[in-house]
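S.K.: My structure file input.cif, mmCIF, C-alpha atoms, is below:
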```
data_my_file
#
loop_
_atom_site.label_atom_id
_atom_site.label_comp_id
_atom_site.auth_asym_id
_atom_site.auth_seq_id
_atom_site.Cartn_x
_atom_site.Cartn_y
_atom_site.Cartn_z
CA MET A 1 -7.79 -41.73 -75.00
CA GLU A 2 -10.94 -39.97 -73.90
CA LYS A 3 -11.53 -42.47 -71.11
CA SER A 4 -7.97 -42.18 -69.82
CA GLU A 5 -8.09 -38.39 -69.91
CA SER A 6 -11.41 -38.31 -68.06
CA THR A 7 -10.06 -40.65 -65.40
CA LYS A 8 -7.00 -38.43 -64.97
CA ILE A 9 -9.19 -35.36 -64.54
CA GLU A 10 -11.45 -37.11 -62.03
CA MET A 11 -8.48 -38.43 -60.08
CA GLY A 12 -6.85 -34.99 -60.05
CA GLU A 13 -10.01 -33.30 -58.88
CA SER A 14 -10.62 -35.93 -56.20
CA SER A 15 -7.03 -35.62 -54.91
CA LYS A 16 -7.37 -31.85 -54.74
CA LEU A 17 -10.69 -32.22 -52.92
CA GLU A 18 -9.14 -34.67 -50.46
CA ARG A 19 -6.25 -32.32 -49.80
CA LYS A 20 -8.67 -29.48 -49.13
CA LEU A 21 -10.87 -31.56 -46.86
CA GLY A 22 -7.88 -33.04 -45.07
CA LYS A 23 -5.86 -29.89 -44.51
CA ALA A 24 -8.61 -27.37 -43.77
CA PRO A 25 -9.73 -28.91 -40.48
CA LEU A 26 -6.11 -29.40 -39.42
CA LEU A 27 -5.24 -25.77 -40.07
CA GLY A 28 -8.45 -24.60 -38.43
CA SER A 29 -7.86 -26.63 -35.29
CA LEU A 30 -4.25 -25.43 -35.10
CA SER A 31 -5.20 -21.76 -35.40
CA HIS A 32 -8.00 -22.24 -32.87
CA ALA A 33 -5.58 -23.83 -30.39
CA ILE A 34 -3.10 -20.99 -30.79
CA SER A 35 -5.78 -18.31 -30.39
CA SER A 36 -7.23 -20.02 -27.32
CA SER A 37 -3.83 -20.41 -25.66
CA VAL A 38 -3.02 -16.68 -25.92
CA PRO A 39 -5.66 -15.54 -23.36
CA ILE A 40 -4.58 -18.29 -20.97
CA VAL A 41 -0.96 -17.11 -21.07
CA ALA A 42 -2.04 -13.48 -20.67
CA ASN A 43 -4.27 -14.33 -17.72
CA LYS A 44 -1.47 -16.30 -16.10
CA ARG A 45 0.95 -13.40 -16.48
CA ALA A 46 -1.63 -10.96 -15.08
CA GLY A 47 -2.27 -13.29 -12.14
CA ASN A 48 1.46 -13.53 -11.36
CA TYR A 49 1.78 -9.76 -11.64
CA LYS A 50 -1.09 -9.18 -9.20
CA ARG A 51 0.26 -11.80 -6.83
CA GLY A 52 3.62 -10.03 -6.78
CA ILE A 53 1.88 -6.74 -5.99
CA ALA A 54 -0.07 -8.42 -3.19
CA ILE A 55 3.11 -9.87 -1.65
CA PHE A 56 4.77 -6.45 -1.74
CA ASP A 57 1.58 -4.99 -0.25
CA LEU A 58 1.79 -7.42 2.69
CA ILE A 59 5.45 -6.58 3.34
CA LEU A 60 4.70 -2.85 3.33
CA ARG A 61 1.77 -3.32 5.72
CA ILE A 62 3.97 -5.10 8.21
CA ALA A 63 6.54 -2.30 7.89
CA ALA A 64 3.79 0.31 8.38
CA VAL A 65 2.64 -1.49 11.54
CA ALA A 66 6.19 -1.24 12.91
CA THR A 67 6.57 2.47 12.10
CA ALA A 68 3.11 3.36 13.42
CA ILE A 69 3.74 1.47 16.66
CA GLY A 70 7.08 3.26 16.99
CA ALA A 71 5.40 6.63 16.42
CA ALA A 72 2.62 5.99 18.95
CA ALA A 73 4.94 4.48 21.55
CA GLY A 74 7.57 7.19 21.10
CA MET A 75 5.08 9.98 21.53
CA GLY A 76 3.18 8.23 24.32
CA THR A 77 6.31 7.74 26.41
CA ALA A 78 7.74 11.21 25.75
CA GLY A 79 8.30 13.04 28.98
CA GLU A 80 11.03 14.74 30.94
CA THR A 81 11.39 16.25 34.39
CA LEU A 82 14.07 18.84 35.02
CA PRO A 83 16.47 18.02 37.86
CA PHE A 84 15.86 21.30 39.66
CA PHE A 85 12.55 22.07 41.33
CA THR A 86 11.26 23.97 44.31
CA GLN A 87 8.88 23.10 47.07
CA PHE A 88 5.90 24.38 45.10
CA PHE A 89 6.94 24.02 41.44
CA GLN A 90 8.28 21.11 39.48
CA PHE A 91 9.29 21.58 35.85
CA GLU A 92 7.99 18.65 33.83
CA ALA A 93 7.02 18.15 30.18
CA GLY A 94 4.88 15.30 28.86
CA TYR A 95 2.96 14.47 25.71
CA ASP A 96 -0.36 14.78 27.57
CA ASP A 97 0.36 18.45 28.23
CA LEU A 98 -0.47 19.19 24.60
CA PRO A 99 -3.75 18.07 22.99
CA THR A 100 -2.03 17.84 19.60
CA PHE A 101 0.32 15.17 20.87
CA GLN A 102 -2.58 13.31 22.45
CA PHE A 103 -4.36 13.36 19.09
CA PHE A 104 -1.19 12.03 17.48
CA VAL A 105 -1.06 9.06 19.84
CA ILE A 106 -4.75 8.24 19.30
CA ALA A 107 -4.48 8.60 15.52
CA MET A 108 -1.43 6.35 15.29
CA ALA A 109 -3.09 3.78 17.54
CA LEU A 110 -6.07 3.71 15.16
CA VAL A 111 -3.72 3.33 12.19
CA VAL A 112 -1.99 0.40 13.89
CA ALA A 113 -5.34 -1.28 14.61
CA PHE A 114 -6.44 -0.90 11.00
CA LEU A 115 -3.16 -2.16 9.55
CA VAL A 116 -3.26 -5.26 11.75
CA LEU A 117 -6.85 -5.97 10.70
CA SER A 118 -5.97 -5.38 7.04
CA ILE A 119 -3.24 -8.03 6.96
CA PRO A 120 -5.71 -10.94 6.45
CA PHE A 121 -7.24 -9.08 3.49
CA SER A 122 -3.77 -8.66 2.01
CA ILE A 123 -3.17 -12.40 2.42
CA VAL A 124 -6.47 -13.09 0.62
CA CYS A 125 -5.24 -10.92 -2.27
CA ILE A 126 -2.14 -13.12 -2.48
CA ALA A 127 -4.09 -16.38 -2.48
CA ARG A 128 -6.83 -15.12 -4.83
CA SER A 129 -5.35 -12.32 -6.87
CA HIS A 130 -8.39 -12.02 -9.17
CA VAL A 131 -10.79 -11.11 -6.32
CA VAL A 132 -11.73 -7.41 -6.35
CA ALA A 133 -13.66 -6.91 -3.07
CA PRO A 134 -10.66 -7.17 -0.67
CA ARG A 135 -8.63 -4.82 -2.83
CA LEU A 136 -11.46 -2.26 -2.86
CA PHE A 137 -11.73 -2.53 0.92
CA LEU A 138 -8.01 -1.91 1.30
CA ILE A 139 -7.83 1.09 -1.01
CA ILE A 140 -10.84 2.79 0.62
CA PHE A 141 -9.65 2.39 4.20
CA ASP A 142 -6.01 3.05 3.31
CA THR A 143 -7.14 6.42 1.98
CA ALA A 144 -9.00 7.15 5.22
CA MET A 145 -6.00 6.14 7.32
CA VAL A 146 -3.53 8.19 5.30
CA THR A 147 -5.75 11.24 5.84
CA LEU A 148 -5.85 10.62 9.59
CA ALA A 149 -2.12 9.98 9.85
CA THR A 150 -1.23 13.01 7.73
CA SER A 151 -3.33 15.36 9.84
CA ALA A 152 -1.86 14.02 13.09
CA ALA A 153 1.73 14.10 11.85
CA GLY A 154 1.37 17.55 10.30
CA ALA A 155 -0.16 19.12 13.41
CA SER A 156 2.46 17.53 15.65
CA ALA A 157 5.24 18.68 13.34
CA ALA A 158 4.06 22.28 13.77
CA ILE A 159 4.19 21.94 17.57
CA VAL A 160 7.65 20.36 17.42
CA TYR A 161 8.85 23.22 15.23
CA LEU A 162 7.56 25.77 17.74
CA ALA A 163 9.15 23.83 20.58
CA HIS A 164 12.52 24.02 18.83
CA ASN A 165 12.37 27.56 17.46
CA GLY A 166 9.57 29.34 19.28
CA ASN A 167 7.54 32.24 17.93
CA GLU A 168 8.08 35.76 19.20
CA ASP A 169 4.87 37.11 17.66
CA ALA A 170 2.78 34.52 19.47
CA ASN A 171 4.94 34.80 22.61
CA TRP A 172 5.80 31.10 22.31
CA LEU A 173 9.15 30.40 23.88
CA ALA A 174 11.43 27.67 22.61
CA PHE A 175 11.75 25.19 25.46
CA CYS A 176 13.80 22.46 23.77
CA ASN A 177 16.94 23.97 25.28
CA GLN A 178 15.64 22.88 28.67
CA PHE A 179 13.66 19.76 27.69
CA GLY A 180 16.05 18.29 25.17
CA ASP A 181 15.15 14.62 25.66
CA PHE A 182 11.45 15.36 25.40
CA CYS A 183 11.91 17.21 22.11
CA GLU A 184 14.08 14.43 20.69
CA MET A 185 11.47 11.80 21.48
CA THR A 186 8.62 13.82 20.02
CA SER A 187 10.64 14.67 16.91
CA ALA A 188 11.48 11.00 16.33
CA ALA A 189 7.81 10.08 16.78
CA VAL A 190 6.74 12.65 14.19
CA VAL A 191 9.33 11.35 11.72
CA ALA A 192 8.03 7.81 12.22
CA GLY A 193 4.52 9.13 11.65
CA PHE A 194 5.50 10.66 8.31
CA ILE A 195 7.21 7.41 7.29
CA THR A 196 3.90 5.66 8.00
CA VAL A 197 2.13 8.20 5.79
CA VAL A 198 4.54 7.51 2.92
CA ILE A 199 4.05 3.75 3.22
CA LEU A 200 0.27 4.18 3.22
CA LEU A 201 0.49 6.28 0.06
CA ILE A 202 2.53 3.54 -1.63
CA LEU A 203 -0.10 0.98 -0.56
CA ILE A 204 -2.83 3.08 -2.17
CA VAL A 205 -0.85 3.28 -5.41
CA LEU A 206 -0.28 -0.48 -5.41
CA SER A 207 -3.98 -1.17 -4.90
CA ALA A 208 -4.87 1.19 -7.73
CA ILE A 209 -2.40 -0.53 -10.05
CA ALA A 210 -3.78 -3.96 -9.14
CA LEU A 211 -7.33 -2.84 -9.85
CA LYS A 212 -6.30 -1.22 -13.13
CA ARG A 213 -4.58 -4.38 -14.35
CA ARG A 214 -7.92 -6.16 -14.08
#
```
Turn the structure described in the file into structure tokens.
M.R.:
Amino acid sequence: MEKSESTKIEMGESSKLERKLGKAPLLGSLSHAISSSVPIVANKRAGNYKRGIAIFDLILRIAAVATAIGAAAGMGTAGETLPFFTQFFQFEAGYDDLPTFQFFVIAMALVVAFLVLSIPFSIVCIARSHVVAPRLFLIIFDTAMVTLATSAAGASAAIVYLAHNGNEDANWLAFCNQFGDFCEMTSAAVVAGFITVVILLILIVLSAIALKRR
């Protein structure tokens, strides 16, 4: 009886030990696999999120190029000559008569040049969404361009307002009644300039979000 009882105890203890040794590594490897797969899934989701932002960034840049070109071209071609003139005087209005409008054309041309040059960097952000340097480049120069575009559009908007309404205190006469086509072209150019400013602001926000997600 003693021998049989001792063998039962030894067999019970050995079976328990085998179960512990057999199950512990299995459970450990399973938990390790689960914990290691969580960061991979999170990184994949973050990469897809950044890639989506980069694609939207590229679309907005192309749209900003179109609006900035429209603003520069609209202001640069603005001009009107009245049908009546004398032998010594000819009534004509052009964008180059006002330095503010000249500044607007130059500023929008610079914005167009930057946006075209920034498109390859936006494509790099799509292909390699984890890279930080192109995104930093874009957010820094987007901020500079939005400052330039805002100043040009704001100054030109003030001139357009005076052209439409005039200012008696400054003895500025409203001449849009005579030069209606010229005022329409300059007004449309200023609106396109402000649309460019809004798009640039959205691009800055997108770049900040992409950097924050890192």
S.K.: Name the residues in contact with Met75 of chain A at a cut-off of 12 Å, using all atoms listed in the file, excluding same-chain residues fewer than 2 positions from it; report them as a PDB file with C-alpha atoms, in the coordinates of the input.
M.R.:
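This went into result_18.pdb:
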```
ATOM      1  CA  ALA A  68       3.110   3.360  13.420  1.00  0.00           C
ATOM      2  CA  ILE A  69       3.740   1.470  16.660  1.00  0.00           C
ATOM      3  CA  GLY A  70       7.080   3.260  16.990  1.00  0.00           C
ATOM      4  CA  ALA A  71       5.400   6.630  16.420  1.00  0.00           C
ATOM      5  CA  ALA A  72       2.620   5.990  18.950  1.00  0.00           C
ATOM      6  CA  ALA A  73       4.940   4.480  21.550  1.00  0.00           C
ATOM      7  CA  THR A  77       6.310   7.740  26.410  1.00  0.00           C
ATOM      8  CA  ALA A  78       7.740  11.210  25.750  1.00  0.00           C
ATOM      9  CA  GLY A  79       8.300  13.040  28.980  1.00  0.00           C
ATOM     10  CA  GLY A  94       4.880  15.300  28.860  1.00  0.00           C
ATOM     11  CA  TYR A  95       2.960  14.470  25.710  1.00  0.00           C
ATOM     12  CA  ASP A  96      -0.360  14.780  27.570  1.00  0.00           C
ATOM     13  CA  ASP A  97       0.360  18.450  28.230  1.00  0.00           C
ATOM     14  CA  LEU A  98      -0.470  19.190  24.600  1.00  0.00           C
ATOM     15  CA  THR A 100      -2.030  17.840  19.600  1.00  0.00           C
ATOM     16  CA  PHE A 101       0.320  15.170  20.870  1.00  0.00           C
ATOM     17  CA  GLN A 102      -2.580  13.310  22.450  1.00  0.00           C
ATOM     18  CA  PHE A 103      -4.360  13.360  19.090  1.00  0.00           C
ATOM     19  CA  PHE A 104      -1.190  12.030  17.480  1.00  0.00           C
ATOM     20  CA  VAL A 105      -1.060   9.060  19.840  1.00  0.00           C
ATOM     21  CA  ILE A 106      -4.750   8.240  19.300  1.00  0.00           C
ATOM     22  CA  ALA A 107      -4.480   8.600  15.520  1.00  0.00           C
ATOM     23  CA  MET A 108      -1.430   6.350  15.290  1.00  0.00           C
ATOM     24  CA  ALA A 109      -3.090   3.780  17.540  1.00  0.00           C
ATOM     25  CA  ALA A 152      -1.860  14.020  13.090  1.00  0.00           C
ATOM     26  CA  ALA A 153       1.730  14.100  11.850  1.00  0.00           C
ATOM     27  CA  SER A 156       2.460  17.530  15.650  1.00  0.00           C
ATOM     28  CA  ALA A 157       5.240  18.680  13.340  1.00  0.00           C
ATOM     29  CA  VAL A 160       7.650  20.360  17.420  1.00  0.00           C
ATOM     30  CA  ASP A 181      15.150  14.620  25.660  1.00  0.00           C
ATOM     31  CA  PHE A 182      11.450  15.360  25.400  1.00  0.00           C
ATOM     32  CA  CYS A 183      11.910  17.210  22.110  1.00  0.00           C
ATOM     33  CA  GLU A 184      14.080  14.430  20.690  1.00  0.00           C
ATOM     34  CA  MET A 185      11.470  11.800  21.480  1.00  0.00           C
ATOM     35  CA  THR A 186       8.620  13.820  20.020  1.00  0.00           C
ATOM     36  CA  SER A 187      10.640  14.670  16.910  1.00  0.00           C
ATOM     37  CA  ALA A 188      11.480  11.000  16.330  1.00  0.00           C
ATOM     38  CA  ALA A 189       7.810  10.080  16.780  1.00  0.00           C
ATOM     39  CA  VAL A 190       6.740  12.650  14.190  1.00  0.00           C
ATOM     40  CA  VAL A 191       9.330  11.350  11.720  1.00  0.00           C
ATOM     41  CA  ALA A 192       8.030   7.810  12.220  1.00  0.00           C
ATOM     42  CA  GLY A 193       4.520   9.130  11.650  1.00  0.00           C
TER      43      GLY A 193
END
```
S.K.: If you measure from atom CA of Ser118 of chain A to atom CA of Val131 of chain A, what distance in Å do you get, rounded to one decimal?
M.R.: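 Pair atom CA of Ser118 of chain A / atom CA of Val131 of chain A returns 15.3 Å.
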S.K.: One number please: atom CA of Ile195 of chain A to atom CA of Ile53 of chain A, in Å, one decimal.
M.R.: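 Atom CA of Ile195 of chain A sits 20.1 Å away from atom CA of Ile53 of chain A.
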S.K.: With only C-alpha atoms as the basis for distance, which of A:Ser207, A:Phe194, A:His164, A:Asp169 is at the shortest distance from Asp57 of chain A?
M.R.: A:Ser207
S.K.: I need the output of the PyMOL selection byres ((chain A and resi 198-204) around 10) for this file as a PyMOL selection string; which residues are they?
M.R.: chain A and resi 53-54+56-58+60-61+63-65+67+111+115+135+138-147+149-150+192-197+205-210
S.K.: Between atom CA of Ile126 of chain A and atom CA of Ile55 of chain A, measure the distance and give it in Å to one decimal.
M.R.: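 That distance, rounded to one decimal, is 6.2 Å.
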S.K.: Between A:Ala127, A:Val132, A:Ala163, A:Ala158, which has the minimum distance to Phe179 of chain A (counting only C-alpha atoms)?
M.R.: A:Ala163
